[in-house]
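What's in coords-v6.pdb: PDB, C-alpha atoms and all ligand atoms
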MODEL        1
ATOM      1  CA  MET A   1     105.467  44.766 105.672
ATOM      2  CA  GLY A   2     106.071  47.587 103.150
ATOM      3  CA  GLU A   3     104.826  51.117 103.805
ATOM      4  CA  LYS A   4     101.334  51.883 102.559
ATOM      5  CA  ILE A   5     101.487  53.575  99.162
ATOM      6  CA  ASN A   6      98.838  56.037  97.976
ATOM      7  CA  ARG A   7      97.334  56.323  94.495
ATOM      8  CA  ILE A   8     100.170  58.486  93.112
ATOM      9  CA  GLY A   9     102.757  56.046  94.398
ATOM     10  CA  LEU A  10     103.938  58.016  97.426
ATOM     11  CA  GLU A  11     104.163  56.719 100.940
ATOM     12  CA  ALA A  12     100.779  57.438 102.558
ATOM     13  CA  LYS A  13     102.177  58.589 105.885
ATOM     14  CA  ALA A  14     104.655  61.007 104.326
ATOM     15  CA  SER A  15     101.914  62.360 102.046
ATOM     16  CA  LYS A  16      99.666  63.009 105.018
ATOM     17  CA  LYS A  17     102.374  64.999 106.762
ATOM     18  CA  LEU A  18     103.069  66.951 103.563
ATOM     19  CA  ALA A  19      99.354  67.703 103.205
ATOM     20  CA  GLU A  20      99.241  69.012 106.776
ATOM     21  CA  ASP A  21     102.151  71.366 106.160
ATOM     22  CA  LEU A  22     100.630  72.406 102.837
ATOM     23  CA  ASN A  23      97.433  73.270 104.731
ATOM     24  CA  THR A  24      99.465  75.539 107.011
ATOM     25  CA  LEU A  25     100.897  77.141 103.886
ATOM     26  CA  LEU A  26      97.419  77.455 102.355
ATOM     27  CA  ALA A  27      96.126  79.170 105.507
ATOM     28  CA  SER A  28      99.125  81.525 105.424
ATOM     29  CA  TYR A  29      98.456  82.432 101.800
ATOM     30  CA  GLN A  30      94.778  83.095 102.456
ATOM     31  CA  ILE A  31      95.491  85.477 105.340
ATOM     32  CA  PHE A  32      98.387  87.082 103.456
ATOM     33  CA  TYR A  33      96.130  87.508 100.399
ATOM     34  CA  MET A  34      93.482  89.357 102.429
ATOM     35  CA  ASN A  35      96.147  91.490 104.120
ATOM     36  CA  VAL A  36      97.527  92.542 100.732
ATOM     37  CA  ARG A  37      94.034  93.385  99.458
ATOM     38  CA  GLY A  38      93.779  95.642 102.511
ATOM     39  CA  TYR A  39      97.064  97.359 101.615
ATOM     40  CA  HIS A  40      95.841  97.786  98.022
ATOM     41  CA  TRP A  41      92.633  99.445  99.218
ATOM     42  CA  ASN A  42      93.864 101.530 102.142
ATOM     43  CA  ILE A  43      97.228 102.802 100.977
ATOM     44  CA  ARG A  44      97.546 106.615 100.930
ATOM     45  CA  GLY A  45     100.160 109.179 100.043
ATOM     46  CA  ASP A  46     102.525 110.056  97.234
ATOM     47  CA  LYS A  47     103.346 106.416  96.349
ATOM     48  CA  PHE A  48      99.667 105.527  96.016
ATOM     49  CA  PHE A  49      99.592 104.732  92.305
ATOM     50  CA  GLU A  50     102.830 102.749  92.400
ATOM     51  CA  LEU A  51     102.008 100.678  95.486
ATOM     52  CA  HIS A  52      98.299 100.247  94.724
ATOM     53  CA  LEU A  53      99.392  98.521  91.503
ATOM     54  CA  LYS A  54     102.262  96.519  93.076
ATOM     55  CA  PHE A  55      99.936  95.190  95.760
ATOM     56  CA  GLU A  56      97.423  94.159  93.106
ATOM     57  CA  GLU A  57     100.169  92.190  91.313
ATOM     58  CA  LEU A  58     101.068  90.511  94.584
ATOM     59  CA  TYR A  59      97.548  89.521  95.638
ATOM     60  CA  ASN A  60      96.791  88.171  92.165
ATOM     61  CA  ASP A  61      99.886  85.988  92.458
ATOM     62  CA  LEU A  62      98.874  84.853  95.961
ATOM     63  CA  LEU A  63      95.434  83.897  94.707
ATOM     64  CA  ILE A  64      96.973  81.623  92.069
ATOM     65  CA  LYS A  65      99.100  80.008  94.776
ATOM     66  CA  VAL A  66      96.053  79.469  97.006
ATOM     67  CA  ASP A  67      94.517  77.343  94.268
ATOM     68  CA  GLU A  68      97.741  75.526  93.377
ATOM     69  CA  VAL A  69      98.470  74.615  97.000
ATOM     70  CA  ALA A  70      94.872  73.481  97.639
ATOM     71  CA  GLU A  71      94.899  71.306  94.524
ATOM     72  CA  ARG A  72      98.274  69.836  95.463
ATOM     73  CA  ILE A  73      96.730  68.774  98.799
ATOM     74  CA  LEU A  74      93.893  67.081  96.889
ATOM     75  CA  THR A  75      96.399  65.436  94.533
ATOM     76  CA  LEU A  76      98.137  63.976  97.588
ATOM     77  CA  GLY A  77      94.754  62.525  98.616
ATOM     78  CA  HIS A  78      93.826  64.983 101.353
ATOM     79  CA  SER A  79      91.434  67.893 101.948
ATOM     80  CA  PRO A  80      92.403  71.557 101.753
ATOM     81  CA  LEU A  81      91.114  73.793 104.540
ATOM     82  CA  HIS A  82      88.394  76.008 103.128
ATOM     83  CA  SER A  83      87.017  78.189 105.894
ATOM     84  CA  PHE A  84      88.415  81.440 107.216
ATOM     85  CA  SER A  85      87.927  80.333 110.827
ATOM     86  CA  GLU A  86      90.357  77.468 110.141
ATOM     87  CA  TYR A  87      92.736  79.742 108.230
ATOM     88  CA  LEU A  88      92.896  82.149 111.166
ATOM     89  CA  LYS A  89      93.633  79.279 113.523
ATOM     90  CA  GLU A  90      96.277  77.679 111.300
ATOM     91  CA  SER A  91      98.065  80.638 109.721
ATOM     92  CA  PRO A  92     101.372  81.705 111.257
ATOM     93  CA  VAL A  93     100.977  84.926 109.231
ATOM     94  CA  PRO A  94      98.963  87.342 111.386
ATOM     95  CA  GLU A  95      95.897  89.208 110.179
ATOM     96  CA  ARG A  96      96.568  92.916 109.473
ATOM     97  CA  ARG A  97      94.093  95.783 109.522
ATOM     98  CA  ASN A  98      93.887  99.422 108.499
ATOM     99  CA  VAL A  99      97.410  99.864 107.189
ATOM    100  CA  SER A 100      97.536 103.042 105.077
ATOM    101  CA  ASP A 101     101.264 103.752 105.215
ATOM    102  CA  GLY A 102     103.270 102.356 102.280
ATOM    103  CA  GLN A 103     106.481 101.709 104.232
ATOM    104  CA  GLU A 104     104.541  99.867 106.918
ATOM    105  CA  ALA A 105     102.688  97.753 104.359
ATOM    106  CA  VAL A 106     105.915  96.788 102.582
ATOM    107  CA  GLY A 107     107.515  95.995 105.966
ATOM    108  CA  GLN A 108     104.598  93.681 106.792
ATOM    109  CA  ILE A 109     104.897  92.006 103.382
ATOM    110  CA  LEU A 110     108.565  91.300 104.129
ATOM    111  CA  GLU A 111     107.579  89.891 107.537
ATOM    112  CA  ALA A 112     105.064  87.573 105.863
ATOM    113  CA  PHE A 113     107.737  86.271 103.481
ATOM    114  CA  ARG A 114     110.029  85.730 106.466
ATOM    115  CA  ILE A 115     107.381  83.303 107.756
ATOM    116  CA  ILE A 116     106.335  81.752 104.441
ATOM    117  CA  LEU A 117     109.818  81.142 102.991
ATOM    118  CA  PRO A 118     111.027  78.892 105.860
ATOM    119  CA  LEU A 119     107.706  77.036 105.757
ATOM    120  CA  GLN A 120     108.246  76.355 102.062
ATOM    121  CA  ARG A 121     111.864  75.308 102.632
ATOM    122  CA  LYS A 122     110.617  72.831 105.224
ATOM    123  CA  LEU A 123     108.199  71.493 102.589
ATOM    124  CA  LEU A 124     110.989  71.446 100.009
ATOM    125  CA  LYS A 125     113.084  69.216 102.275
ATOM    126  CA  ALA A 126     110.166  66.980 103.344
ATOM    127  CA  SER A 127     108.944  66.535  99.767
ATOM    128  CA  ASP A 128     112.469  65.639  98.702
ATOM    129  CA  ASP A 129     112.689  63.025 101.472
ATOM    130  CA  ALA A 130     109.308  61.616 100.375
ATOM    131  CA  GLY A 131     110.253  61.540  96.685
ATOM    132  CA  ASP A 132     107.377  63.936  95.997
ATOM    133  CA  GLU A 133     108.642  65.786  92.930
ATOM    134  CA  GLY A 134     105.326  67.606  92.349
ATOM    135  CA  THR A 135     105.363  69.394  95.718
ATOM    136  CA  HIS A 136     109.121  69.836  95.492
ATOM    137  CA  ALA A 137     108.972  71.620  92.114
ATOM    138  CA  LEU A 138     106.116  73.844  93.299
ATOM    139  CA  MET A 139     108.013  74.909  96.428
ATOM    140  CA  SER A 140     111.175  75.443  94.439
ATOM    141  CA  ASP A 141     109.383  77.809  92.029
ATOM    142  CA  TYR A 142     107.712  79.742  94.858
ATOM    143  CA  ILE A 143     110.935  80.120  96.825
ATOM    144  CA  ARG A 144     113.022  81.380  93.915
ATOM    145  CA  ALA A 145     110.468  83.991  92.825
ATOM    146  CA  GLN A 146     109.731  85.166  96.371
ATOM    147  CA  GLU A 147     113.381  85.533  97.299
ATOM    148  CA  LYS A 148     113.634  87.953  94.386
ATOM    149  CA  LEU A 149     110.539  89.803  95.599
ATOM    150  CA  VAL A 150     112.124  90.120  99.052
ATOM    151  CA  TRP A 151     115.172  91.712  97.456
ATOM    152  CA  MET A 152     112.966  94.187  95.566
ATOM    153  CA  TYR A 153     110.726  95.102  98.500
ATOM    154  CA  SER A 154     113.817  95.495 100.701
ATOM    155  CA  ALA A 155     115.402  97.761  98.089
ATOM    156  CA  TYR A 156     112.211  99.824  98.058
ATOM    157  CA  LEU A 157     112.581 100.333 101.816
ATOM    158  CA  GLY A 158     116.251 101.216 101.317
ATOM    159  CA  GLU A 159     117.287  98.408 103.653
ATOM    160  CA  ALA A 160     120.819  97.067 103.953
ATOM    161  CA  LYS A 161     121.682  94.079 101.778
ATOM    162  CA  ASN A 162     121.560  91.302 104.372
TER     163      ASN A 162
HETATM  164 FE    FE B   1      91.579  97.168  92.857
ENDMDL
END
Represent the supplied structure as structure tokens.
Amino acid sequence: MGEKINRIGLEAKASKKLAEDLNTLLASYQIFYMNVRGYHWNIRGDKFFELHLKFEELYNDLLIKVDEVAERILTLGHSPLHSFSEYLKESPVPERRNVSDGQEAVGQILEAFRIILPLQRKLLKASDDAGDEGTHALMSDYIRAQEKLVWMYSAYLGEAKN
């Protein structure tokens, strides 16, 4: 009568649900990655050198996460989405084009984190409920580092502290 257990000892049904949410996260990271490459390329003005470099740091980090999230899905016994048509359909982060203003780009980065952070907190909770320490630790690392990034990007914009 027991729940079906997968090859890493997690409940199969819970793992499937986690993999689905991780695919949403993967799609979000892929779209966000391409958006940030766009900011890196198209940015203009007196903050060019500073932001061009910051955006490169960010997209390199996102690319690492794309691979980590995809491989976590495989570890859970499922398939990561791997086409941009699926990413566009699945990603709650919208595609951005032709942004050349630094303030606007940073504002859009903050908006993306406002979507991605709750998604990861949902995964943090679900992975905890499923006893999935691997996904839990990954989400925990992402959340902590990105919350700090949100503080820094907000400070750059001169936004209030809340
Ligand atoms: Fe470059």
Pull out every residue that the PyMOL selection byres (((chain A and resi 50-63) around 7) and not hetatm) matches in the shown coordinates and put them as a PDB file with C-alpha atoms, keeping the file's coordinate frame.
ATOM      1  CA  TYR A  29      98.456  82.432 101.800  1.00  0.00           C
ATOM      2  CA  TYR A  33      96.130  87.508 100.399  1.00  0.00           C
ATOM      3  CA  VAL A  36      97.527  92.542 100.732  1.00  0.00           C
ATOM      4  CA  ARG A  37      94.034  93.385  99.458  1.00  0.00           C
ATOM      5  CA  TYR A  39      97.064  97.359 101.615  1.00  0.00           C
ATOM      6  CA  HIS A  40      95.841  97.786  98.022  1.00  0.00           C
ATOM      7  CA  ILE A  43      97.228 102.802 100.977  1.00  0.00           C
ATOM      8  CA  LYS A  47     103.346 106.416  96.349  1.00  0.00           C
ATOM      9  CA  PHE A  48      99.667 105.527  96.016  1.00  0.00           C
ATOM     10  CA  PHE A  49      99.592 104.732  92.305  1.00  0.00           C
ATOM     11  CA  ILE A  64      96.973  81.623  92.069  1.00  0.00           C
ATOM     12  CA  LYS A  65      99.100  80.008  94.776  1.00  0.00           C
ATOM     13  CA  VAL A  66      96.053  79.469  97.006  1.00  0.00           C
ATOM     14  CA  ASP A  67      94.517  77.343  94.268  1.00  0.00           C
TER      15      ASP A  67
END
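The nearest approach to ligand FE 1 (chain B) among the residues A:Gln146, A:Lys4, A:Gly38, A:Leu76, with only C-alpha atoms and all ligand atoms taken into account, belongs to A:Gly38.
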Residues in the PyMOL selection byres (((chain A and resi 130) around 9) and not hetatm), expressed as a PyMOL selection string: chain A and resi 10-11+14-15+18+125-129+131-133
Applying the PyMOL selection byres (((chain A and resi 148-156) around 12) and not hetatm) to the file I just gave you, which residues come out? Please list them as a PDB file with C-alpha atoms, in the frame of the given file.
ATOM      1  CA  LYS A  47     103.346 106.416  96.349  1.00  0.00           C
ATOM      2  CA  GLU A  50     102.830 102.749  92.400  1.00  0.00           C
ATOM      3  CA  LEU A  51     102.008 100.678  95.486  1.00  0.00           C
ATOM      4  CA  LYS A  54     102.262  96.519  93.076  1.00  0.00           C
ATOM      5  CA  PHE A  55      99.936  95.190  95.760  1.00  0.00           C
ATOM      6  CA  GLU A  57     100.169  92.190  91.313  1.00  0.00           C
ATOM      7  CA  LEU A  58     101.068  90.511  94.584  1.00  0.00           C
ATOM      8  CA  ASP A  61      99.886  85.988  92.458  1.00  0.00           C
ATOM      9  CA  GLY A 102     103.270 102.356 102.280  1.00  0.00           C
ATOM     10  CA  GLN A 103     106.481 101.709 104.232  1.00  0.00           C
ATOM     11  CA  GLU A 104     104.541  99.867 106.918  1.00  0.00           C
ATOM     12  CA  ALA A 105     102.688  97.753 104.359  1.00  0.00           C
ATOM     13  CA  VAL A 106     105.915  96.788 102.582  1.00  0.00           C
ATOM     14  CA  GLY A 107     107.515  95.995 105.966  1.00  0.00           C
ATOM     15  CA  GLN A 108     104.598  93.681 106.792  1.00  0.00           C
ATOM     16  CA  ILE A 109     104.897  92.006 103.382  1.00  0.00           C
ATOM     17  CA  LEU A 110     108.565  91.300 104.129  1.00  0.00           C
ATOM     18  CA  GLU A 111     107.579  89.891 107.537  1.00  0.00           C
ATOM     19  CA  ALA A 112     105.064  87.573 105.863  1.00  0.00           C
ATOM     20  CA  PHE A 113     107.737  86.271 103.481  1.00  0.00           C
ATOM     21  CA  ARG A 114     110.029  85.730 106.466  1.00  0.00           C
ATOM     22  CA  ILE A 116     106.335  81.752 104.441  1.00  0.00           C
ATOM     23  CA  LEU A 117     109.818  81.142 102.991  1.00  0.00           C
ATOM     24  CA  ASP A 141     109.383  77.809  92.029  1.00  0.00           C
ATOM     25  CA  TYR A 142     107.712  79.742  94.858  1.00  0.00           C
ATOM     26  CA  ILE A 143     110.935  80.120  96.825  1.00  0.00           C
ATOM     27  CA  ARG A 144     113.022  81.380  93.915  1.00  0.00           C
ATOM     28  CA  ALA A 145     110.468  83.991  92.825  1.00  0.00           C
ATOM     29  CA  GLN A 146     109.731  85.166  96.371  1.00  0.00           C
ATOM     30  CA  GLU A 147     113.381  85.533  97.299  1.00  0.00           C
ATOM     31  CA  LEU A 157     112.581 100.333 101.816  1.00  0.00           C
ATOM     32  CA  GLY A 158     116.251 101.216 101.317  1.00  0.00           C
ATOM     33  CA  GLU A 159     117.287  98.408 103.653  1.00  0.00           C
ATOM     34  CA  ALA A 160     120.819  97.067 103.953  1.00  0.00           C
ATOM     35  CA  LYS A 161     121.682  94.079 101.778  1.00  0.00           C
ATOM     36  CA  ASN A 162     121.560  91.302 104.372  1.00  0.00           C
TER      37      ASN A 162
END
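Nearest residue to His82 of chain A among A:Asn23, A:Asn42, A:Asn98, A:Asn6 is A:Asn23, counting all atoms listed in the file.
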Selected residue, from A:Trp41, A:Met34, A:His78, A:Gly134, that lies nearest to ligand FE 1 (chain B) when counting all atoms listed in the file: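 Checking each candidate against ligand FE 1 (chain B), we get A:Trp41 as the closest.
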Out of A:Ile115, A:Val99, A:Leu22, A:Leu123, which residue has the shortest atom-to-atom distance to Leu74 of chain A when counting all atoms listed in the file?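 Of A:Ile115, A:Val99, A:Leu22, A:Leu123, the one nearest Leu74 of chain A is A:Leu22, counting all atoms listed in the file.
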